[in-house]
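As provided, entry-v2.cif (mmCIF, C-alpha atoms) reads as follows.
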data_start
#
loop_
_atom_site.label_atom_id
_atom_site.label_comp_id
_atom_site.auth_asym_id
_atom_site.auth_seq_id
_atom_site.Cartn_x
_atom_site.Cartn_y
_atom_site.Cartn_z
CA MET X 1 16.84 -16.79 1.14
CA ASN X 2 15.11 -13.41 1.16
CA ASN X 3 14.59 -11.03 4.09
CA LYS X 4 11.04 -12.18 4.83
CA GLU X 5 12.16 -15.82 5.01
CA ILE X 6 15.01 -14.92 7.36
CA ALA X 7 12.70 -12.77 9.50
CA LYS X 8 10.15 -15.60 9.78
CA LYS X 9 12.82 -17.92 11.17
CA PHE X 10 13.41 -15.44 14.00
CA GLN X 11 9.67 -15.09 14.53
CA LEU X 12 9.35 -18.87 14.85
CA LEU X 13 12.41 -19.07 17.10
CA GLY X 14 10.89 -16.49 19.45
CA LYS X 15 7.55 -18.32 19.56
CA ILE X 16 8.99 -21.79 20.03
CA MET X 17 11.36 -20.61 22.77
CA GLU X 18 8.42 -18.99 24.58
CA LEU X 19 6.51 -22.25 24.20
CA HIS X 20 9.33 -24.03 26.01
CA GLY X 21 9.52 -21.44 28.79
CA GLU X 22 12.80 -19.80 27.83
CA ASN X 23 14.03 -16.38 28.97
CA PRO X 24 11.34 -13.80 28.04
CA PHE X 25 14.02 -11.22 27.20
CA LYS X 26 15.46 -13.52 24.54
CA THR X 27 12.09 -14.48 23.10
CA ARG X 28 11.09 -10.81 22.82
CA SER X 29 14.38 -9.92 21.14
CA TYR X 30 13.78 -12.50 18.41
CA SER X 31 10.18 -11.36 17.95
CA SER X 32 11.37 -7.76 17.65
CA ALA X 33 14.04 -8.84 15.16
CA TYR X 34 11.30 -10.30 12.98
CA LEU X 35 9.54 -6.93 12.76
CA THR X 36 12.79 -5.14 11.86
CA LEU X 37 14.30 -7.65 9.46
CA ARG X 38 11.24 -8.36 7.31
CA LYS X 39 11.20 -4.71 6.13
CA TRP X 40 14.94 -4.08 5.97
CA PRO X 41 15.73 -2.57 2.53
CA ASP X 42 19.07 -4.32 1.94
CA LYS X 43 19.50 -8.04 1.33
CA LEU X 44 20.42 -9.52 4.71
CA ILE X 45 21.91 -12.64 3.16
CA GLU X 46 24.54 -10.49 1.42
CA MET X 47 25.51 -8.40 4.46
CA ASP X 48 28.65 -8.98 6.53
CA ALA X 49 28.97 -8.75 10.33
CA GLU X 50 29.87 -5.06 10.30
CA GLN X 51 26.85 -4.17 8.15
CA LEU X 52 24.49 -6.29 10.26
CA ALA X 53 25.74 -4.55 13.40
CA ASN X 54 24.35 -1.26 12.05
CA ILE X 55 20.77 -2.54 11.99
CA PRO X 56 18.89 -1.05 14.99
CA GLY X 57 17.93 -3.60 17.62
CA VAL X 58 19.95 -6.41 16.06
CA GLY X 59 22.46 -7.63 18.62
CA ARG X 60 25.40 -9.99 18.32
CA ALA X 61 23.35 -13.17 18.82
CA ILE X 62 20.99 -12.26 15.97
CA GLN X 63 23.86 -11.14 13.74
CA ASP X 64 25.59 -14.49 14.27
CA LYS X 65 22.43 -16.39 13.38
CA ILE X 66 21.99 -14.44 10.14
CA LEU X 67 25.60 -15.19 9.22
CA GLU X 68 24.97 -18.84 10.11
CA LEU X 69 21.96 -18.88 7.75
CA ARG X 70 24.12 -17.37 5.02
CA SER X 71 26.87 -19.95 5.36
CA THR X 72 24.87 -23.10 6.17
CA GLY X 73 21.24 -22.38 5.26
CA THR X 74 20.11 -23.45 8.72
CA MET X 75 19.92 -22.11 12.27
CA VAL X 76 21.13 -24.60 14.88
CA ALA X 77 19.21 -22.95 17.74
CA LEU X 78 15.93 -23.21 15.84
CA GLU X 79 16.59 -26.79 14.71
CA LYS X 80 17.22 -27.80 18.33
CA TYR X 81 13.73 -26.69 19.36
CA LEU X 82 12.10 -28.12 16.24
CA ASP X 83 13.61 -31.50 17.11
CA ILE X 84 11.85 -31.57 20.49
CA THR X 85 8.53 -30.10 19.38
CA PRO X 86 5.82 -32.08 17.56
CA ALA X 87 5.31 -30.81 14.00
CA GLY X 88 1.62 -30.21 14.70
CA ILE X 89 2.48 -27.95 17.63
CA VAL X 90 4.86 -25.94 15.44
CA ASP X 91 2.05 -25.60 12.91
CA MET X 92 -0.33 -24.35 15.63
CA LEU X 93 2.11 -21.55 16.41
CA GLN X 94 1.26 -20.13 12.98
CA ILE X 95 -2.44 -19.68 13.80
CA LYS X 96 -3.30 -15.99 13.97
CA GLY X 97 -4.14 -14.78 17.47
CA PHE X 98 -3.16 -18.08 19.11
CA GLY X 99 0.04 -17.41 21.00
CA PRO X 100 2.60 -19.82 22.50
CA LYS X 101 1.06 -19.73 25.99
CA LYS X 102 -2.33 -20.85 24.68
CA VAL X 103 -0.72 -23.46 22.43
CA LEU X 104 1.13 -24.81 25.46
CA THR X 105 -2.10 -24.96 27.49
CA VAL X 106 -4.06 -27.03 24.97
CA TRP X 107 -1.00 -29.22 24.33
CA LYS X 108 -0.31 -30.07 27.96
CA GLU X 109 -3.84 -30.00 29.39
CA LEU X 110 -5.85 -31.48 26.52
CA GLY X 111 -3.15 -33.47 24.74
CA VAL X 112 -3.93 -31.64 21.49
CA GLU X 113 -1.03 -31.82 19.03
CA SER X 114 -2.43 -30.56 15.73
CA ALA X 115 -4.72 -27.90 14.30
CA GLY X 116 -7.20 -30.60 13.28
CA GLU X 117 -7.36 -31.99 16.83
CA LEU X 118 -7.74 -28.47 18.17
CA LEU X 119 -10.72 -27.81 15.89
CA TYR X 120 -12.42 -30.95 17.21
CA ALA X 121 -11.78 -29.77 20.77
CA VAL X 122 -13.26 -26.37 19.93
CA ARG X 123 -16.38 -27.93 18.40
CA GLU X 124 -16.83 -30.02 21.54
CA ASN X 125 -16.42 -26.90 23.75
CA ARG X 126 -13.53 -28.52 25.63
CA LEU X 127 -11.54 -25.29 25.72
CA LEU X 128 -14.14 -23.64 27.94
CA ASP X 129 -12.82 -25.70 30.87
CA LEU X 130 -9.35 -24.20 30.51
CA LYS X 131 -8.09 -21.09 32.27
CA GLY X 132 -7.96 -18.10 29.93
CA PHE X 133 -10.40 -19.54 27.39
CA GLY X 134 -13.87 -18.01 27.31
CA LYS X 135 -16.59 -18.51 24.73
CA LYS X 136 -15.55 -15.40 22.81
CA THR X 137 -11.96 -16.65 22.60
CA GLN X 138 -13.11 -20.09 21.49
CA ASP X 139 -15.46 -18.70 18.82
CA SER X 140 -12.70 -16.47 17.44
CA LEU X 141 -10.26 -19.39 17.45
CA LYS X 142 -12.73 -21.55 15.53
CA ILE X 143 -12.81 -19.00 12.70
CA GLN X 144 -9.02 -18.77 12.59
CA LEU X 145 -8.63 -22.56 12.69
CA GLU X 146 -11.02 -23.13 9.81
CA TYR X 147 -9.17 -20.49 7.77
CA HIS X 148 -5.81 -22.01 8.72
CA LEU X 149 -6.83 -25.53 7.70
CA GLU X 150 -8.51 -24.34 4.50
CA SER X 151 -5.36 -22.48 3.43
CA GLU X 152 -2.97 -25.30 4.35
CA GLY X 153 -0.58 -25.92 1.47
CA LYS X 154 -1.83 -22.81 -0.29
CA LEU X 155 -0.67 -19.20 -0.45
CA GLN X 156 -2.11 -16.00 0.91
CA PHE X 157 -2.58 -13.32 -1.74
CA ALA X 158 0.48 -11.28 -0.72
CA GLN X 159 2.73 -14.37 -0.86
CA ALA X 160 1.30 -15.49 -4.19
CA GLU X 161 1.68 -12.01 -5.66
CA GLU X 162 5.34 -11.82 -4.64
CA ILE X 163 6.10 -15.22 -6.17
CA GLY X 164 3.95 -14.46 -9.20
CA LEU X 165 5.76 -11.22 -9.95
CA ALA X 166 9.14 -12.98 -9.71
CA LEU X 167 7.88 -15.72 -12.00
CA LYS X 168 6.42 -13.23 -14.46
CA GLU X 169 9.72 -11.33 -14.54
CA ALA X 170 11.68 -14.53 -15.16
CA ILE X 171 9.33 -15.59 -17.97
CA SER X 172 9.37 -12.10 -19.51
CA ALA X 173 13.15 -12.30 -19.72
CA GLN X 174 12.74 -15.39 -21.94
CA LEU X 175 9.72 -14.15 -23.89
CA ALA X 176 10.59 -10.46 -24.10
CA SER X 177 8.41 -9.64 -27.08
CA GLU X 178 5.29 -11.41 -25.78
CA ARG X 179 2.48 -10.21 -23.54
CA ILE X 180 2.24 -12.01 -20.17
CA GLU X 181 -0.55 -11.43 -17.65
CA PHE X 182 -1.91 -13.04 -14.51
CA THR X 183 -5.14 -15.02 -14.75
CA GLY X 184 -7.19 -17.20 -12.40
CA ALA X 185 -7.26 -16.66 -8.63
CA LEU X 186 -4.29 -14.28 -8.59
CA HIS X 187 -5.87 -12.06 -11.23
CA ARG X 188 -9.11 -12.01 -9.17
CA LYS X 189 -7.06 -11.18 -6.04
CA GLU X 190 -8.59 -13.95 -3.97
CA ASP X 191 -7.45 -14.27 -0.34
CA ILE X 192 -6.22 -17.86 -0.71
CA ILE X 193 -4.47 -19.07 -3.86
CA ASP X 194 -3.55 -22.66 -4.67
CA LYS X 195 -1.74 -22.02 -7.96
CA ILE X 196 -0.28 -19.12 -9.90
CA GLU X 197 -1.60 -18.88 -13.44
CA LEU X 198 -0.37 -16.69 -16.28
CA ILE X 199 -1.51 -16.27 -19.86
CA THR X 200 0.75 -15.30 -22.74
CA THR X 201 0.61 -14.54 -26.44
CA ALA X 202 3.67 -16.74 -27.07
CA ASP X 203 3.31 -19.73 -29.39
CA THR X 204 3.38 -23.35 -28.23
CA LYS X 205 6.99 -24.01 -29.27
CA ALA X 206 8.28 -21.01 -27.32
CA ILE X 207 6.35 -22.12 -24.22
CA GLU X 208 7.61 -25.72 -24.52
CA ASP X 209 11.19 -24.45 -24.68
CA LEU X 210 10.54 -22.24 -21.67
CA VAL X 211 9.16 -25.14 -19.61
CA LEU X 212 12.20 -27.26 -20.46
CA SER X 213 14.57 -24.50 -19.36
CA PHE X 214 12.70 -24.07 -16.09
CA GLU X 215 13.03 -27.76 -15.26
CA GLU X 216 16.76 -27.16 -14.85
CA SER X 217 16.64 -23.76 -13.17
CA SER X 218 13.38 -22.43 -11.69
CA PRO X 219 12.73 -19.26 -9.60
CA THR X 220 10.14 -21.14 -7.54
CA ASP X 221 9.95 -24.38 -5.56
CA GLY X 222 6.93 -25.58 -7.52
CA GLN X 223 6.38 -26.88 -11.02
CA LEU X 224 5.88 -24.90 -14.19
CA LYS X 225 3.12 -26.36 -16.36
CA TYR X 226 1.28 -25.10 -19.40
CA LYS X 227 -1.89 -25.70 -21.36
CA GLY X 228 -1.99 -25.11 -25.08
#

Please rewrite the model in this file as structure tokens.
Amino acid sequence: MNNKEIAKKFQLLGKIMELHGENPFKTRSYSSAYLTLRKWPDKLIEMDAEQLANIPGVGRAIQDKILELRSTGTMVALEKYLDITPAGIVDMLQIKGFGPKKVLTVWKELGVESAGELLYAVRENRLLDLKGFGKKTQDSLKIQLEYHLESEGKLQFAQAEEIGLALKEAISAQLASERIEFTGALHRKEDIIDKIELITTADTKAIEDLVLSFEESSPTDGQLKYKG
């Protein structure tokens, strides 16, 4: 688990706690931790309690949760809130510019429990009847919702580039004498990317062997495929 993944768990914890009306001081501390941890230069997952204590703004509660992630891979506090929150609501918390308070409003007042349902409500102008939702807010939300739904299950360029570089490095270690370059959407630097494609000068046998080795141990969660 890398620093960005750990940081995003604290970001989600802060948002989901705010959604459920928890202490604002705690929710802000987790949101602040996200901003600090995602750019921390050292690998958080390898740090002990004493080292974590030296990170500015990271108190004992956050330190303990990082250590918990290191030892168990999960965060009990976050799992507790995920268990009582519909998956669609959790997904809506990821929509840019649509904070927990607004998510709570459409959830409780309109019964909306997914991004798809929210888009229907926006198209029917139902949000205009809610406090804090004007036409400008609704129009902006419509754009973000369409982008969110279009990119569902896909990667933003920065995410794809990070994974692609790790994949390229891993492949280069196996095919050291061959040229390997990005192609497709990642090469074109498109905003949304559904697959990471690379091209290489290696022969078919070398690529087949590489694919077989990656089936046992892969640097990504996806599948490695090739075309001859």

Practice item. Just say which residues the PyMOL selection byres ((chain X and resi 100) around 10) picks in this file, as a count of residues only. Key: 21

Practice item. Take the point (4.8, -16.9, -13.2) as written in the file and pick out every residue within 10 Å of it, counting all atoms listed in the file; give the list as an MDAnalysis selection string. Key: chainID X and resid 160:172 180:182 195:199 219:220 224

With C-alpha atoms kept, could you save the residues just selected as a JSON list (two decimals), in the frame of the given file?
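Final output, part-v2.json:
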[["chain", "number", "residue", "atom", "x", "y", "z"],
["X", 160, "ALA", "CA", 1.30, -15.49, -4.19],
["X", 161, "GLU", "CA", 1.68, -12.01, -5.66],
["X", 162, "GLU", "CA", 5.34, -11.82, -4.64],
["X", 163, "ILE", "CA", 6.10, -15.22, -6.17],
["X", 164, "GLY", "CA", 3.95, -14.46, -9.20],
["X", 165, "LEU", "CA", 5.76, -11.22, -9.95],
["X", 166, "ALA", "CA", 9.14, -12.98, -9.71],
["X", 167, "LEU", "CA", 7.88, -15.72, -12.00],
["X", 168, "LYS", "CA", 6.42, -13.23, -14.46],
["X", 169, "GLU", "CA", 9.72, -11.33, -14.54],
["X", 170, "ALA", "CA", 11.68, -14.53, -15.16],
["X", 171, "ILE", "CA", 9.33, -15.59, -17.97],
["X", 172, "SER", "CA", 9.37, -12.10, -19.51],
["X", 180, "ILE", "CA", 2.24, -12.01, -20.17],
["X", 181, "GLU", "CA", -0.55, -11.43, -17.65],
["X", 182, "PHE", "CA", -1.91, -13.04, -14.51],
["X", 195, "LYS", "CA", -1.74, -22.02, -7.96],
["X", 196, "ILE", "CA", -0.28, -19.12, -9.90],
["X", 197, "GLU", "CA", -1.60, -18.88, -13.44],
["X", 198, "LEU", "CA", -0.37, -16.69, -16.28],
["X", 199, "ILE", "CA", -1.51, -16.27, -19.86],
["X", 219, "PRO", "CA", 12.73, -19.26, -9.60],
["X", 220, "THR", "CA", 10.14, -21.14, -7.54],
["X", 224, "LEU", "CA", 5.88, -24.90, -14.19]]

Check your understanding: Within 12 Å of Arg70 in chain X, counting all atoms listed in the file, which residues qualify if same-chain residues fewer than 3 places away don't, as an NGL selection string?
Key -> :X and (1-3 or 6 or 43-49 or 63-67 or 73-75)

Exercise for review: Figure out the distance between CA of Ala158 in chain X and CA of Ile95 in chain X, please, to one decimal in Å.
Suggested key: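 If I compute the distance from CA of Ile95 in chain X to CA of Ala158 in chain X, I get 17.0 Å.
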
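With CA of Leu155 in chain X on one side and CA of Ala176 in chain X on the other, the separation reads 27.6 Å.
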
Review point. From the list X:Ala206, X:Arg126, X:Val112, X:Gln11, which residue is nearest Ala87 in chain X when using all atoms listed in the file?
Key: X:Val112

Range 56-61 of chain X environment, 12 Å, only C-alpha atoms, sequence neighbours closer than 2 positions dropped, as a PDB file with C-alpha atoms, in the coordinates of the input:
ATOM      1  CA  ALA X   7      12.700 -12.770   9.500  1.00  0.00           C
ATOM      2  CA  PHE X  10      13.410 -15.440  14.000  1.00  0.00           C
ATOM      3  CA  LYS X  26      15.460 -13.520  24.540  1.00  0.00           C
ATOM      4  CA  ARG X  28      11.090 -10.810  22.820  1.00  0.00           C
ATOM      5  CA  SER X  29      14.380  -9.920  21.140  1.00  0.00           C
ATOM      6  CA  TYR X  30      13.780 -12.500  18.410  1.00  0.00           C
ATOM      7  CA  SER X  31      10.180 -11.360  17.950  1.00  0.00           C
ATOM      8  CA  SER X  32      11.370  -7.760  17.650  1.00  0.00           C
ATOM      9  CA  ALA X  33      14.040  -8.840  15.160  1.00  0.00           C
ATOM     10  CA  TYR X  34      11.300 -10.300  12.980  1.00  0.00           C
ATOM     11  CA  LEU X  35       9.540  -6.930  12.760  1.00  0.00           C
ATOM     12  CA  THR X  36      12.790  -5.140  11.860  1.00  0.00           C
ATOM     13  CA  LEU X  37      14.300  -7.650   9.460  1.00  0.00           C
ATOM     14  CA  TRP X  40      14.940  -4.080   5.970  1.00  0.00           C
ATOM     15  CA  LEU X  44      20.420  -9.520   4.710  1.00  0.00           C
ATOM     16  CA  ALA X  49      28.970  -8.750  10.330  1.00  0.00           C
ATOM     17  CA  GLU X  50      29.870  -5.060  10.300  1.00  0.00           C
ATOM     18  CA  GLN X  51      26.850  -4.170   8.150  1.00  0.00           C
ATOM     19  CA  LEU X  52      24.490  -6.290  10.260  1.00  0.00           C
ATOM     20  CA  ALA X  53      25.740  -4.550  13.400  1.00  0.00           C
ATOM     21  CA  ASN X  54      24.350  -1.260  12.050  1.00  0.00           C
ATOM     22  CA  GLN X  63      23.860 -11.140  13.740  1.00  0.00           C
ATOM     23  CA  ASP X  64      25.590 -14.490  14.270  1.00  0.00           C
ATOM     24  CA  LYS X  65      22.430 -16.390  13.380  1.00  0.00           C
ATOM     25  CA  ILE X  66      21.990 -14.440  10.140  1.00  0.00           C
ATOM     26  CA  LEU X  67      25.600 -15.190   9.220  1.00  0.00           C
ATOM     27  CA  GLU X  68      24.970 -18.840  10.110  1.00  0.00           C
ATOM     28  CA  MET X  75      19.920 -22.110  12.270  1.00  0.00           C
ATOM     29  CA  ALA X  77      19.210 -22.950  17.740  1.00  0.00           C
TER      30      ALA X  77
END

Practice item. Would you list the residues near (0.1, -18.8, -0.3), meaning any protein, DNA or RNA residue with an atom at most 7 Å from that point in file coordinates, counting all atoms listed in the file, as a count of residues only? Key: 9

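With all atoms listed in the file as the basis for measurement, X:Gly116 is the residue among X:Glu178, X:Gly116, X:Leu82, X:Gly134 that approaches Glu150 in chain X most closely.
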
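In this model, the gap between CA of Glu113 in chain X and CA of Glu22 in chain X comes to 20.3 Å.
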
Point to revise | Polymer residues at most 10 Å from Glu146 in chain X, only C-alpha atoms, same-chain spacing of 4 or more positions, as a ChimeraX atom specification | key: /X:115-116,119,141-142,150-152

Review point. Written as a ChimeraX atom specification, what is the full residue list that the PyMOL selection byres ((chain X and resi 139) around 12) yields on the file shown?
Key: /X:119,121-125,127-128,133-138,140-146
